[in-house]
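File shown: query_6.cif (mmCIF, C-alpha atoms and all ligand atoms).
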data_target
loop_
_atom_site.label_atom_id
_atom_site.label_comp_id
_atom_site.auth_asym_id
_atom_site.auth_seq_id
_atom_site.Cartn_x
_atom_site.Cartn_y
_atom_site.Cartn_z
CA HIS A 1 0.00 0.00 0.00
CA PRO A 2 1.26 3.52 -0.79
CA PRO A 3 1.81 5.59 2.39
CA VAL A 4 -0.94 7.86 3.74
CA LEU A 5 -0.73 10.85 6.06
CA THR A 6 -4.14 11.56 7.56
CA ILE A 7 -4.93 15.07 8.78
CA ASP A 8 -8.22 15.26 10.69
CA GLY A 9 -9.79 17.92 12.86
CA PRO A 10 -12.63 20.43 13.17
CA SER A 11 -13.37 23.14 10.62
CA GLY A 12 -10.90 26.01 10.50
CA ALA A 13 -8.08 24.22 12.32
CA GLY A 14 -5.88 24.75 9.27
CA LYS A 15 -6.20 21.25 7.78
CA GLY A 16 -6.74 22.41 4.20
CA THR A 17 -3.81 24.82 4.10
CA VAL A 18 -1.44 22.50 5.97
CA SER A 19 -2.44 19.43 3.93
CA ARG A 20 -1.92 21.20 0.62
CA ILE A 21 1.54 22.49 1.60
CA VAL A 22 2.65 19.15 3.03
CA ALA A 23 1.37 17.27 -0.04
CA ARG A 24 3.27 19.62 -2.32
CA ARG A 25 6.49 19.27 -0.27
CA LEU A 26 6.23 15.47 -0.32
CA GLY A 27 5.06 15.27 -3.93
CA TRP A 28 2.08 13.23 -2.71
CA HIS A 29 -1.55 13.35 -3.82
CA TYR A 30 -4.09 15.34 -1.82
CA LEU A 31 -7.61 14.30 -0.88
CA ASP A 32 -10.00 17.00 0.34
CA SER A 33 -12.68 14.63 1.66
CA GLY A 34 -14.83 17.52 2.93
CA ALA A 35 -15.20 18.63 -0.69
CA LEU A 36 -16.91 15.31 -1.48
CA TYR A 37 -19.54 15.86 1.23
CA ARG A 38 -19.89 19.50 0.15
CA ALA A 39 -20.28 18.40 -3.48
CA VAL A 40 -23.14 16.08 -2.57
CA GLY A 41 -24.72 18.97 -0.67
CA VAL A 42 -24.44 21.27 -3.67
CA ALA A 43 -25.77 18.61 -6.06
CA ALA A 44 -28.68 17.95 -3.70
CA SER A 45 -29.56 21.63 -3.57
CA TRP A 46 -29.34 21.90 -7.38
CA ALA A 47 -31.76 18.97 -7.57
CA ASP A 48 -34.06 20.53 -4.94
CA ILE A 49 -33.70 17.50 -2.69
CA ASP A 50 -35.03 18.05 0.80
CA THR A 51 -32.40 17.56 3.55
CA SER A 52 -34.87 15.36 5.43
CA ASP A 53 -35.14 12.94 2.48
CA ALA A 54 -32.35 10.50 3.38
CA SER A 55 -32.99 7.99 0.60
CA ALA A 56 -32.93 10.72 -2.07
CA LEU A 57 -29.67 12.02 -0.57
CA VAL A 58 -28.13 8.55 -0.71
CA ARG A 59 -29.17 8.22 -4.37
CA CYS A 60 -27.76 11.69 -5.01
CA THR A 61 -24.45 10.61 -3.44
CA PHE A 62 -24.14 7.71 -5.91
CA ASP A 63 -25.15 9.94 -8.85
CA THR A 64 -22.87 12.89 -8.08
CA LYS A 65 -19.67 13.02 -10.09
CA VAL A 66 -16.85 14.96 -8.44
CA ARG A 67 -13.65 15.84 -10.24
CA PHE A 68 -10.69 17.82 -8.87
CA VAL A 69 -8.96 19.87 -11.54
CA GLU A 70 -5.64 21.62 -11.06
CA THR A 71 -5.42 24.90 -12.98
CA ALA A 72 -2.27 26.25 -14.62
CA ASP A 73 -1.52 28.43 -11.56
CA GLY A 74 -1.71 25.40 -9.25
CA ALA A 75 -5.13 26.22 -7.77
CA LEU A 76 -7.63 23.41 -7.32
CA ARG A 77 -11.10 23.70 -8.86
CA VAL A 78 -13.86 21.26 -8.03
CA MET A 79 -16.21 20.12 -10.77
CA VAL A 80 -19.57 18.76 -9.61
CA ASN A 81 -21.35 16.92 -12.42
CA GLU A 82 -18.99 18.78 -14.76
CA THR A 83 -20.00 22.23 -13.47
CA ASP A 84 -17.34 24.30 -11.68
CA ALA A 85 -18.75 24.54 -8.14
CA THR A 86 -15.57 25.73 -6.35
CA ASP A 87 -17.01 29.01 -5.05
CA GLU A 88 -20.37 27.56 -3.99
CA LEU A 89 -18.53 24.71 -2.27
CA ARG A 90 -16.72 27.10 0.05
CA LEU A 91 -19.83 28.81 1.46
CA GLU A 92 -20.59 28.20 5.14
CA THR A 93 -24.16 27.31 4.13
CA THR A 94 -22.68 24.50 2.00
CA GLY A 95 -20.57 23.39 4.98
CA ALA A 96 -23.67 23.18 7.15
CA LEU A 97 -25.49 21.21 4.45
CA ALA A 98 -22.50 18.86 4.07
CA SER A 99 -22.47 18.29 7.83
CA ALA A 100 -26.16 17.34 7.82
CA ILE A 101 -25.67 14.96 4.90
CA ALA A 102 -22.49 13.52 6.43
CA ALA A 103 -24.49 12.25 9.41
CA ILE A 104 -26.31 9.73 7.16
CA PRO A 105 -24.49 6.36 7.45
CA GLU A 106 -25.33 5.23 3.88
CA VAL A 107 -23.91 8.47 2.48
CA ARG A 108 -20.65 7.84 4.35
CA SER A 109 -20.37 4.26 3.14
CA ALA A 110 -21.19 5.31 -0.43
CA LEU A 111 -18.16 7.63 -0.34
CA LYS A 112 -15.79 5.16 1.36
CA GLU A 113 -14.30 3.44 -1.68
CA ARG A 114 -14.14 6.69 -3.65
CA GLN A 115 -11.91 8.12 -0.93
CA ARG A 116 -9.72 5.01 -0.71
CA ALA A 117 -9.15 5.18 -4.48
CA PHE A 118 -7.02 8.29 -3.90
CA ARG A 119 -4.36 6.12 -2.20
CA VAL A 120 -1.91 5.78 -5.08
CA GLU A 121 1.86 6.05 -5.45
CA PRO A 122 3.88 7.87 -4.30
CA GLY A 123 1.54 8.63 -1.36
CA LEU A 124 -1.51 10.52 -0.14
CA VAL A 125 -2.27 13.33 2.27
CA ALA A 126 -5.91 12.82 3.31
CA ASP A 127 -7.73 15.74 4.93
CA GLY A 128 -11.04 15.30 6.78
CA ARG A 129 -12.79 14.18 9.95
CA ASP A 130 -12.47 10.37 9.84
CA MET A 131 -9.42 9.80 7.65
CA GLY A 132 -7.39 8.23 10.47
CA THR A 133 -10.29 6.52 12.23
CA VAL A 134 -12.44 5.04 9.43
CA ILE A 135 -11.12 5.54 5.90
CA PHE A 136 -7.41 4.82 6.41
CA PRO A 137 -7.18 3.20 9.88
CA ASP A 138 -3.88 1.56 8.86
CA ALA A 139 -2.27 4.88 7.81
CA PRO A 140 1.32 5.02 9.09
CA PHE A 141 1.11 8.78 9.78
CA LYS A 142 -1.82 10.42 11.57
CA VAL A 143 -2.31 13.98 12.72
CA PHE A 144 -5.25 15.67 14.44
CA LEU A 145 -5.27 19.47 14.25
CA THR A 146 -7.30 21.53 16.69
CA ALA A 147 -7.60 25.17 17.74
CA SER A 148 -10.04 27.10 19.90
CA ALA A 149 -13.42 27.82 18.29
CA GLU A 150 -12.72 31.58 18.48
CA GLU A 151 -9.41 31.22 16.67
CA ARG A 152 -10.95 28.99 14.01
CA ALA A 153 -13.79 31.46 13.48
CA GLU A 154 -11.26 34.30 13.23
CA ARG A 155 -9.28 32.44 10.55
CA ARG A 156 -12.42 31.66 8.56
CA HIS A 157 -13.54 35.28 8.95
CA LYS A 158 -10.22 36.53 7.58
CA GLN A 159 -10.26 33.98 4.74
CA LEU A 160 -13.72 35.16 3.69
CA LYS A 161 -12.75 38.82 4.05
CA ASP A 162 -9.72 38.26 1.80
CA LYS A 163 -12.14 36.87 -0.77
CA GLY A 164 -14.30 39.97 -0.46
CA VAL A 165 -17.06 38.22 1.48
CA SER A 166 -18.20 40.05 4.59
CA VAL A 167 -19.94 38.04 7.29
CA ASN A 168 -20.82 38.77 10.90
CA PHE A 169 -18.16 37.29 13.22
CA ASP A 170 -20.59 36.18 15.92
CA ASP A 171 -22.82 34.46 13.37
CA LEU A 172 -19.78 32.68 11.94
CA LEU A 173 -18.61 31.57 15.40
CA ARG A 174 -22.08 30.27 16.20
CA GLU A 175 -22.29 28.37 12.87
CA ILE A 176 -18.85 26.82 13.33
CA MET A 177 -19.64 25.70 16.88
CA ALA A 178 -22.98 24.22 15.77
CA ARG A 179 -21.30 22.32 12.92
CA ASP A 180 -18.53 20.98 15.20
CA ALA A 181 -21.08 19.86 17.77
CA ARG A 182 -23.02 18.02 15.08
CA ASP A 183 -19.84 16.40 13.69
CA ALA A 184 -18.69 15.34 17.16
CA GLN A 185 -22.06 14.01 18.33
CA ARG A 186 -23.17 12.01 15.32
CA THR A 187 -23.32 8.24 15.71
CA VAL A 188 -21.30 7.35 12.60
CA ALA A 189 -17.66 8.39 12.42
CA PRO A 190 -17.89 11.13 15.05
CA LEU A 191 -15.11 13.69 14.96
CA LYS A 192 -12.36 12.50 17.32
CA PRO A 193 -8.64 11.82 17.06
CA ALA A 194 -7.55 8.28 16.18
CA ASP A 195 -5.89 6.58 19.17
CA ASP A 196 -2.56 6.67 17.33
CA ALA A 197 -2.87 10.26 16.01
CA VAL A 198 -0.50 13.05 17.03
CA VAL A 199 -2.66 15.93 18.27
CA ILE A 200 -1.43 19.42 17.41
CA ASP A 201 -3.16 22.47 18.88
CA THR A 202 -2.62 25.19 16.29
CA SER A 203 -3.91 28.08 18.46
CA GLY A 204 -1.37 30.87 18.27
CA ILE A 205 0.98 28.93 15.99
CA GLY A 206 1.71 29.99 12.43
CA ILE A 207 1.15 27.73 9.40
CA ASP A 208 4.90 27.29 8.81
CA GLU A 209 5.38 25.94 12.32
CA VAL A 210 2.46 23.52 11.97
CA VAL A 211 3.80 22.32 8.60
CA ALA A 212 7.26 21.80 10.16
CA ARG A 213 5.79 19.76 13.04
CA VAL A 214 3.81 17.59 10.64
CA LEU A 215 6.80 17.00 8.35
CA ASP A 216 8.85 16.06 11.45
CA LEU A 217 6.63 13.01 11.86
CA LEU A 218 7.67 11.63 8.49
CA PRO A 219 10.97 9.91 7.77
CA VAL A 220 13.17 12.11 5.58
O1 LIG A 301 -13.80 19.92 5.93
P1 LIG A 301 -15.06 20.59 5.45
O2 LIG A 301 -15.43 21.79 6.26
O3 LIG A 301 -15.02 20.87 3.99
O4 LIG A 301 -16.21 19.50 5.65
C1 LIG A 301 -17.56 19.82 5.53
C2 LIG A 301 -18.39 18.86 6.37
O5 LIG A 301 -18.31 17.55 5.79
C3 LIG A 301 -17.93 18.69 7.81
O6 LIG A 301 -18.54 19.61 8.69
C4 LIG A 301 -18.32 17.25 8.14
O7 LIG A 301 -19.64 17.18 8.60
C5 LIG A 301 -18.28 16.56 6.79
N1 LIG A 301 -17.09 15.73 6.66
C6 LIG A 301 -17.12 14.47 7.21
N2 LIG A 301 -16.07 13.63 7.04
C7 LIG A 301 -14.98 14.02 6.36
C8 LIG A 301 -14.92 15.32 5.81
C9 LIG A 301 -15.99 16.16 5.98
O8 LIG A 301 -18.08 14.10 7.85
N3 LIG A 301 -13.98 13.17 6.19
#
In structure tokens, what does this structure look like?
Amino acid sequence: HPPVLTIDGPSGAGKGTVSRIVARRLGWHYLDSGALYRAVGVAASWADIDTSDASALVRCTFDTKVRFVETADGALRVMVNETDATDELRLETTGALASAIAAIPEVRSALKERQRAFRVEPGLVADGRDMGTVIFPDAPFKVFLTASAEERAERRHKQLKDKGVSVNFDDLLREIMARDARDAQRTVAPLKPADDAVVIDTSGIGIDEVVARVLDLLPV
């Protein structure tokens, strides 16, 4: 099996940024598993599927085609059923929808093999909530990134501001805490570190330092 580095944790802990940098340094593939759940959410909203209709959501999961495309400048675009959904995917409303859908066991199992298919040579950095616990339990390298809810909300707030999106900080904090609570309390694959994961609290630490600590776990 090609090696896997799993990077799990709550929203806004820096998983996406850290995973992308580490994957680039190692020359490994990158799996943004949250984008798969978000993609199903976007496809479901395009199809006007009600979030309470679990069987329609499961069908939608099987029917939704997701393709990651790297642009010439190295940015990653996400195609959902061949439509570029990158911007819609990033919305906090999409995150909330993804979190609701991700609590359905059949949706999770429908995405299991699709995620495992990303494990190809020379290696994979897998970013998500259950990468180290459910999808790649045998991964040789596991990290769990955390940070205080306030710090995570601040980062998300800044990220959105940089993109020209203005949102109310308190609303954002409330949404992030609600989503984390849902992710941690669900019965299938609840958000928690794998027993053999190295937990890194990124509060007050810069990205470079987090990247260095993660790379330290890997043999050079
Ligand atoms: O990481 P991201 O914020 O894109 O994930 C969106 C939502 O998808 C999370 O709040 C979580 O509910 C769900 N998710 C999951 N398992 C993963 C990745 C994401 O349940 N491996």
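Counting only C-alpha atoms, the residue from A:Gly41, A:Gly14, A:Gly132, A:Gly95 that sits nearest to A:Pro193 is A:Gly132.
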If you count all atoms listed in the file, which residues end up within 9 Å of ligand LIG 301 (chain A), as a compact mmCIF listing (two decimals) with C-alpha atoms, keeping the file's coordinate frame?
# COMPACT_ATOMS: atom_id res chain seq x y z
CA ASP A 8 -8.22 15.26 10.69
CA GLY A 9 -9.79 17.92 12.86
CA PRO A 10 -12.63 20.43 13.17
CA SER A 11 -13.37 23.14 10.62
CA GLY A 12 -10.90 26.01 10.50
CA LYS A 15 -6.20 21.25 7.78
CA GLY A 16 -6.74 22.41 4.20
CA ASP A 32 -10.00 17.00 0.34
CA SER A 33 -12.68 14.63 1.66
CA GLY A 34 -14.83 17.52 2.93
CA ALA A 35 -15.20 18.63 -0.69
CA LEU A 36 -16.91 15.31 -1.48
CA TYR A 37 -19.54 15.86 1.23
CA ARG A 38 -19.89 19.50 0.15
CA LEU A 89 -18.53 24.71 -2.27
CA ARG A 90 -16.72 27.10 0.05
CA GLU A 92 -20.59 28.20 5.14
CA THR A 94 -22.68 24.50 2.00
CA GLY A 95 -20.57 23.39 4.98
CA ALA A 96 -23.67 23.18 7.15
CA LEU A 97 -25.49 21.21 4.45
CA ALA A 98 -22.50 18.86 4.07
CA SER A 99 -22.47 18.29 7.83
CA ALA A 100 -26.16 17.34 7.82
CA ILE A 101 -25.67 14.96 4.90
CA ALA A 102 -22.49 13.52 6.43
CA ALA A 103 -24.49 12.25 9.41
CA ARG A 108 -20.65 7.84 4.35
CA GLN A 115 -11.91 8.12 -0.93
CA ALA A 126 -5.91 12.82 3.31
CA ASP A 127 -7.73 15.74 4.93
CA GLY A 128 -11.04 15.30 6.78
CA ARG A 129 -12.79 14.18 9.95
CA ASP A 130 -12.47 10.37 9.84
CA MET A 131 -9.42 9.80 7.65
CA VAL A 134 -12.44 5.04 9.43
CA ILE A 135 -11.12 5.54 5.90
CA ILE A 176 -18.85 26.82 13.33
CA ARG A 179 -21.30 22.32 12.92
CA ASP A 180 -18.53 20.98 15.20
CA ARG A 182 -23.02 18.02 15.08
CA ASP A 183 -19.84 16.40 13.69
CA ALA A 184 -18.69 15.34 17.16
CA VAL A 188 -21.30 7.35 12.60
CA ALA A 189 -17.66 8.39 12.42
CA PRO A 190 -17.89 11.13 15.05
CA LEU A 191 -15.11 13.69 14.96
Contacts of stretch 109-114 of chain A within 8 Å, only C-alpha atoms, excl. fewer than 4 positions in-chain, as a list in words: Leu36, Val58, Thr61, Phe62, Pro105, Phe118 and Ile135 of chain A
What would the file look like if the residues just selected were written as a PDB file, keeping the file's coordinate frame with C-alpha atoms?
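Here's the written file out.pdb:
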ATOM      1  CA  LEU A  36     -16.910  15.310  -1.480  1.00  0.00           C
ATOM      2  CA  VAL A  58     -28.130   8.550  -0.710  1.00  0.00           C
ATOM      3  CA  THR A  61     -24.450  10.610  -3.440  1.00  0.00           C
ATOM      4  CA  PHE A  62     -24.140   7.710  -5.910  1.00  0.00           C
ATOM      5  CA  PRO A 105     -24.490   6.360   7.450  1.00  0.00           C
ATOM      6  CA  PHE A 118      -7.020   8.290  -3.900  1.00  0.00           C
ATOM      7  CA  ILE A 135     -11.120   5.540   5.900  1.00  0.00           C
TER       8      ILE A 135
END
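Close contacts of stretch 197-199 of chain A, defined as residues with an atom at most 6 Å away when counting only C-alpha atoms, with chain neighbours fewer than 3 positions off set aside, comprise Lys142, Val143, Phe144, Leu145 and Ala194 of chain A.
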Restricting the output to C-alpha atoms, write the selected residues as an mmCIF file, keeping the file's coordinate frame.
data_model
loop_
_atom_site.group_PDB
_atom_site.id
_atom_site.type_symbol
_atom_site.label_atom_id
_atom_site.label_comp_id
_atom_site.auth_asym_id
_atom_site.auth_seq_id
_atom_site.Cartn_x
_atom_site.Cartn_y
_atom_site.Cartn_z
ATOM 1 C CA LYS A 142 -1.820 10.420 11.570
ATOM 2 C CA VAL A 143 -2.310 13.980 12.720
ATOM 3 C CA PHE A 144 -5.250 15.670 14.440
ATOM 4 C CA LEU A 145 -5.270 19.470 14.250
ATOM 5 C CA ALA A 194 -7.550 8.280 16.180
#
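With distances taken over all atoms listed in the file, A:Leu124 is the one residue among A:Ile205, A:Leu124, A:Val165, A:Ile104 lying closest to A:Arg24.
Counting all atoms listed in the file, the residue from A:Ile200, A:Val69, A:Leu26, A:Leu31 that sits nearest to A:Arg119 is A:Leu31.
Counting from atom CA of A:Asp53, the distance to atom CA of A:Asp84 is 25.4 Å.
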Separation of atom CA of A:Trp28 from atom CA of A:Ile207, in Å and rounded to one decimal: 18.9 Å
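Closest approach to A:Val4 among A:Arg59, A:Arg116, A:His157, A:Arg20: A:Arg116, based on only C-alpha atoms.
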For A:Phe141, the nearest of the candidates A:Ala85, A:Ala212, A:Ile7, A:Ala47, counting all atoms listed in the file: A:Ile7
How big is the axis-aligned box, and where does its centre sit, when it encloses all atoms of stretch 130-141 of chain A listed in the file and has 4 Å added on every side, reported in Å to one decimal as JSON?
{"center_x": -5.6, "center_y": 6.0, "center_z": 9.1, "size_x": 21.8, "size_y": 16.8, "size_z": 14.3}
A:Val40, A:Thr93, A:Val107, A:Ala56 ranked by distance to A:Val80, top pick (using all atoms listed in the file): A:Val40
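Every protein or nucleic acid residue with an atom no more than 10 Å from A:Glu121, counting all atoms listed in the file and leaving out same-chain residues fewer than 5 positions away, appears here: His1, Pro2, Pro3, Val4, Gly27, Trp28 and His29 of chain A.
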Restricted to N, CA, C and O atoms, what does stretch 103-124 of chain A look like when written out as a PDB file, in the first residue's frame?
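result_4.pdb was written with the following content:
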ATOM      1  N   ALA A 103     -24.022  13.022   8.259  1.00  0.00           N
ATOM      2  CA  ALA A 103     -24.488  12.249   9.410  1.00  0.00           C
ATOM      3  C   ALA A 103     -25.281  11.016   8.979  1.00  0.00           C
ATOM      4  O   ALA A 103     -25.654  10.183   9.810  1.00  0.00           O
ATOM      5  N   ILE A 104     -25.553  10.879   7.662  1.00  0.00           N
ATOM      6  CA  ILE A 104     -26.313   9.729   7.162  1.00  0.00           C
ATOM      7  C   ILE A 104     -25.336   8.580   6.871  1.00  0.00           C
ATOM      8  O   ILE A 104     -24.457   8.710   6.015  1.00  0.00           O
ATOM      9  N   PRO A 105     -25.462   7.452   7.602  1.00  0.00           N
ATOM     10  CA  PRO A 105     -24.493   6.358   7.447  1.00  0.00           C
ATOM     11  C   PRO A 105     -24.314   5.870   6.010  1.00  0.00           C
ATOM     12  O   PRO A 105     -23.194   5.628   5.567  1.00  0.00           O
ATOM     13  N   GLU A 106     -25.435   5.746   5.259  1.00  0.00           N
ATOM     14  CA  GLU A 106     -25.330   5.234   3.879  1.00  0.00           C
ATOM     15  C   GLU A 106     -24.583   6.191   2.962  1.00  0.00           C
ATOM     16  O   GLU A 106     -23.972   5.768   1.982  1.00  0.00           O
ATOM     17  N   VAL A 107     -24.662   7.491   3.257  1.00  0.00           N
ATOM     18  CA  VAL A 107     -23.907   8.471   2.476  1.00  0.00           C
ATOM     19  C   VAL A 107     -22.416   8.244   2.726  1.00  0.00           C
ATOM     20  O   VAL A 107     -21.609   8.179   1.804  1.00  0.00           O
ATOM     21  N   ARG A 108     -22.053   8.055   4.004  1.00  0.00           N
ATOM     22  CA  ARG A 108     -20.650   7.838   4.347  1.00  0.00           C
ATOM     23  C   ARG A 108     -20.114   6.574   3.693  1.00  0.00           C
ATOM     24  O   ARG A 108     -19.015   6.563   3.155  1.00  0.00           O
ATOM     25  N   SER A 109     -20.913   5.483   3.729  1.00  0.00           N
ATOM     26  CA  SER A 109     -20.373   4.257   3.142  1.00  0.00           C
ATOM     27  C   SER A 109     -20.313   4.356   1.627  1.00  0.00           C
ATOM     28  O   SER A 109     -19.424   3.778   1.006  1.00  0.00           O
ATOM     29  N   ALA A 110     -21.229   5.138   1.032  1.00  0.00           N
ATOM     30  CA  ALA A 110     -21.187   5.310  -0.429  1.00  0.00           C
ATOM     31  C   ALA A 110     -19.911   6.037  -0.864  1.00  0.00           C
ATOM     32  O   ALA A 110     -19.445   5.864  -1.989  1.00  0.00           O
ATOM     33  N   LEU A 111     -19.359   6.849   0.027  1.00  0.00           N
ATOM     34  CA  LEU A 111     -18.158   7.625  -0.337  1.00  0.00           C
ATOM     35  C   LEU A 111     -16.853   6.932   0.068  1.00  0.00           C
ATOM     36  O   LEU A 111     -15.768   7.391  -0.276  1.00  0.00           O
ATOM     37  N   LYS A 112     -16.977   5.823   0.800  1.00  0.00           N
ATOM     38  CA  LYS A 112     -15.794   5.161   1.357  1.00  0.00           C
ATOM     39  C   LYS A 112     -14.786   4.742   0.279  1.00  0.00           C
ATOM     40  O   LYS A 112     -13.619   5.146   0.321  1.00  0.00           O
ATOM     41  N   GLU A 113     -15.237   3.953  -0.677  1.00  0.00           N
ATOM     42  CA  GLU A 113     -14.303   3.442  -1.683  1.00  0.00           C
ATOM     43  C   GLU A 113     -13.758   4.550  -2.576  1.00  0.00           C
ATOM     44  O   GLU A 113     -12.622   4.505  -3.014  1.00  0.00           O
ATOM     45  N   ARG A 114     -14.588   5.555  -2.829  1.00  0.00           N
ATOM     46  CA  ARG A 114     -14.137   6.688  -3.653  1.00  0.00           C
ATOM     47  C   ARG A 114     -12.959   7.382  -2.996  1.00  0.00           C
ATOM     48  O   ARG A 114     -12.041   7.853  -3.650  1.00  0.00           O
ATOM     49  N   GLN A 115     -13.007   7.461  -1.649  1.00  0.00           N
ATOM     50  CA  GLN A 115     -11.911   8.118  -0.934  1.00  0.00           C
ATOM     51  C   GLN A 115     -10.668   7.234  -0.939  1.00  0.00           C
ATOM     52  O   GLN A 115      -9.555   7.707  -1.143  1.00  0.00           O
ATOM     53  N   ARG A 116     -10.871   5.925  -0.752  1.00  0.00           N
ATOM     54  CA  ARG A 116      -9.719   5.005  -0.713  1.00  0.00           C
ATOM     55  C   ARG A 116      -9.001   4.937  -2.055  1.00  0.00           C
ATOM     56  O   ARG A 116      -7.811   4.638  -2.116  1.00  0.00           O
ATOM     57  N   ALA A 117      -9.739   5.228  -3.138  1.00  0.00           N
ATOM     58  CA  ALA A 117      -9.146   5.176  -4.480  1.00  0.00           C
ATOM     59  C   ALA A 117      -8.074   6.241  -4.679  1.00  0.00           C
ATOM     60  O   ALA A 117      -7.273   6.164  -5.606  1.00  0.00           O
ATOM     61  N   PHE A 118      -8.033   7.234  -3.785  1.00  0.00           N
ATOM     62  CA  PHE A 118      -7.016   8.291  -3.898  1.00  0.00           C
ATOM     63  C   PHE A 118      -5.647   7.816  -3.389  1.00  0.00           C
ATOM     64  O   PHE A 118      -4.648   8.492  -3.550  1.00  0.00           O
ATOM     65  N   ARG A 119      -5.627   6.638  -2.754  1.00  0.00           N
ATOM     66  CA  ARG A 119      -4.364   6.124  -2.202  1.00  0.00           C
ATOM     67  C   ARG A 119      -3.537   5.484  -3.320  1.00  0.00           C
ATOM     68  O   ARG A 119      -3.619   4.283  -3.566  1.00  0.00           O
ATOM     69  N   VAL A 120      -2.767   6.295  -4.001  1.00  0.00           N
ATOM     70  CA  VAL A 120      -1.913   5.781  -5.076  1.00  0.00           C
ATOM     71  C   VAL A 120      -0.489   6.313  -4.890  1.00  0.00           C
ATOM     72  O   VAL A 120      -0.277   7.280  -4.157  1.00  0.00           O
ATOM     73  N   GLU A 121       0.449   5.646  -5.540  1.00  0.00           N
ATOM     74  CA  GLU A 121       1.861   6.053  -5.448  1.00  0.00           C
ATOM     75  C   GLU A 121       2.026   7.485  -5.924  1.00  0.00           C
ATOM     76  O   GLU A 121       1.309   7.903  -6.825  1.00  0.00           O
ATOM     77  N   PRO A 122       2.925   8.273  -5.350  1.00  0.00           N
ATOM     78  CA  PRO A 122       3.876   7.867  -4.303  1.00  0.00           C
ATOM     79  C   PRO A 122       3.321   7.977  -2.882  1.00  0.00           C
ATOM     80  O   PRO A 122       3.983   7.538  -1.951  1.00  0.00           O
ATOM     81  N   GLY A 123       2.115   8.516  -2.697  1.00  0.00           N
ATOM     82  CA  GLY A 123       1.538   8.631  -1.362  1.00  0.00           C
ATOM     83  C   GLY A 123       0.391   9.605  -1.374  1.00  0.00           C
ATOM     84  O   GLY A 123       0.103  10.250  -2.386  1.00  0.00           O
ATOM     85  N   LEU A 124      -0.310   9.685  -0.223  1.00  0.00           N
ATOM     86  CA  LEU A 124      -1.506  10.522  -0.137  1.00  0.00           C
ATOM     87  C   LEU A 124      -1.552  11.292   1.180  1.00  0.00           C
ATOM     88  O   LEU A 124      -1.258  10.745   2.236  1.00  0.00           O
TER      89      LEU A 124
END
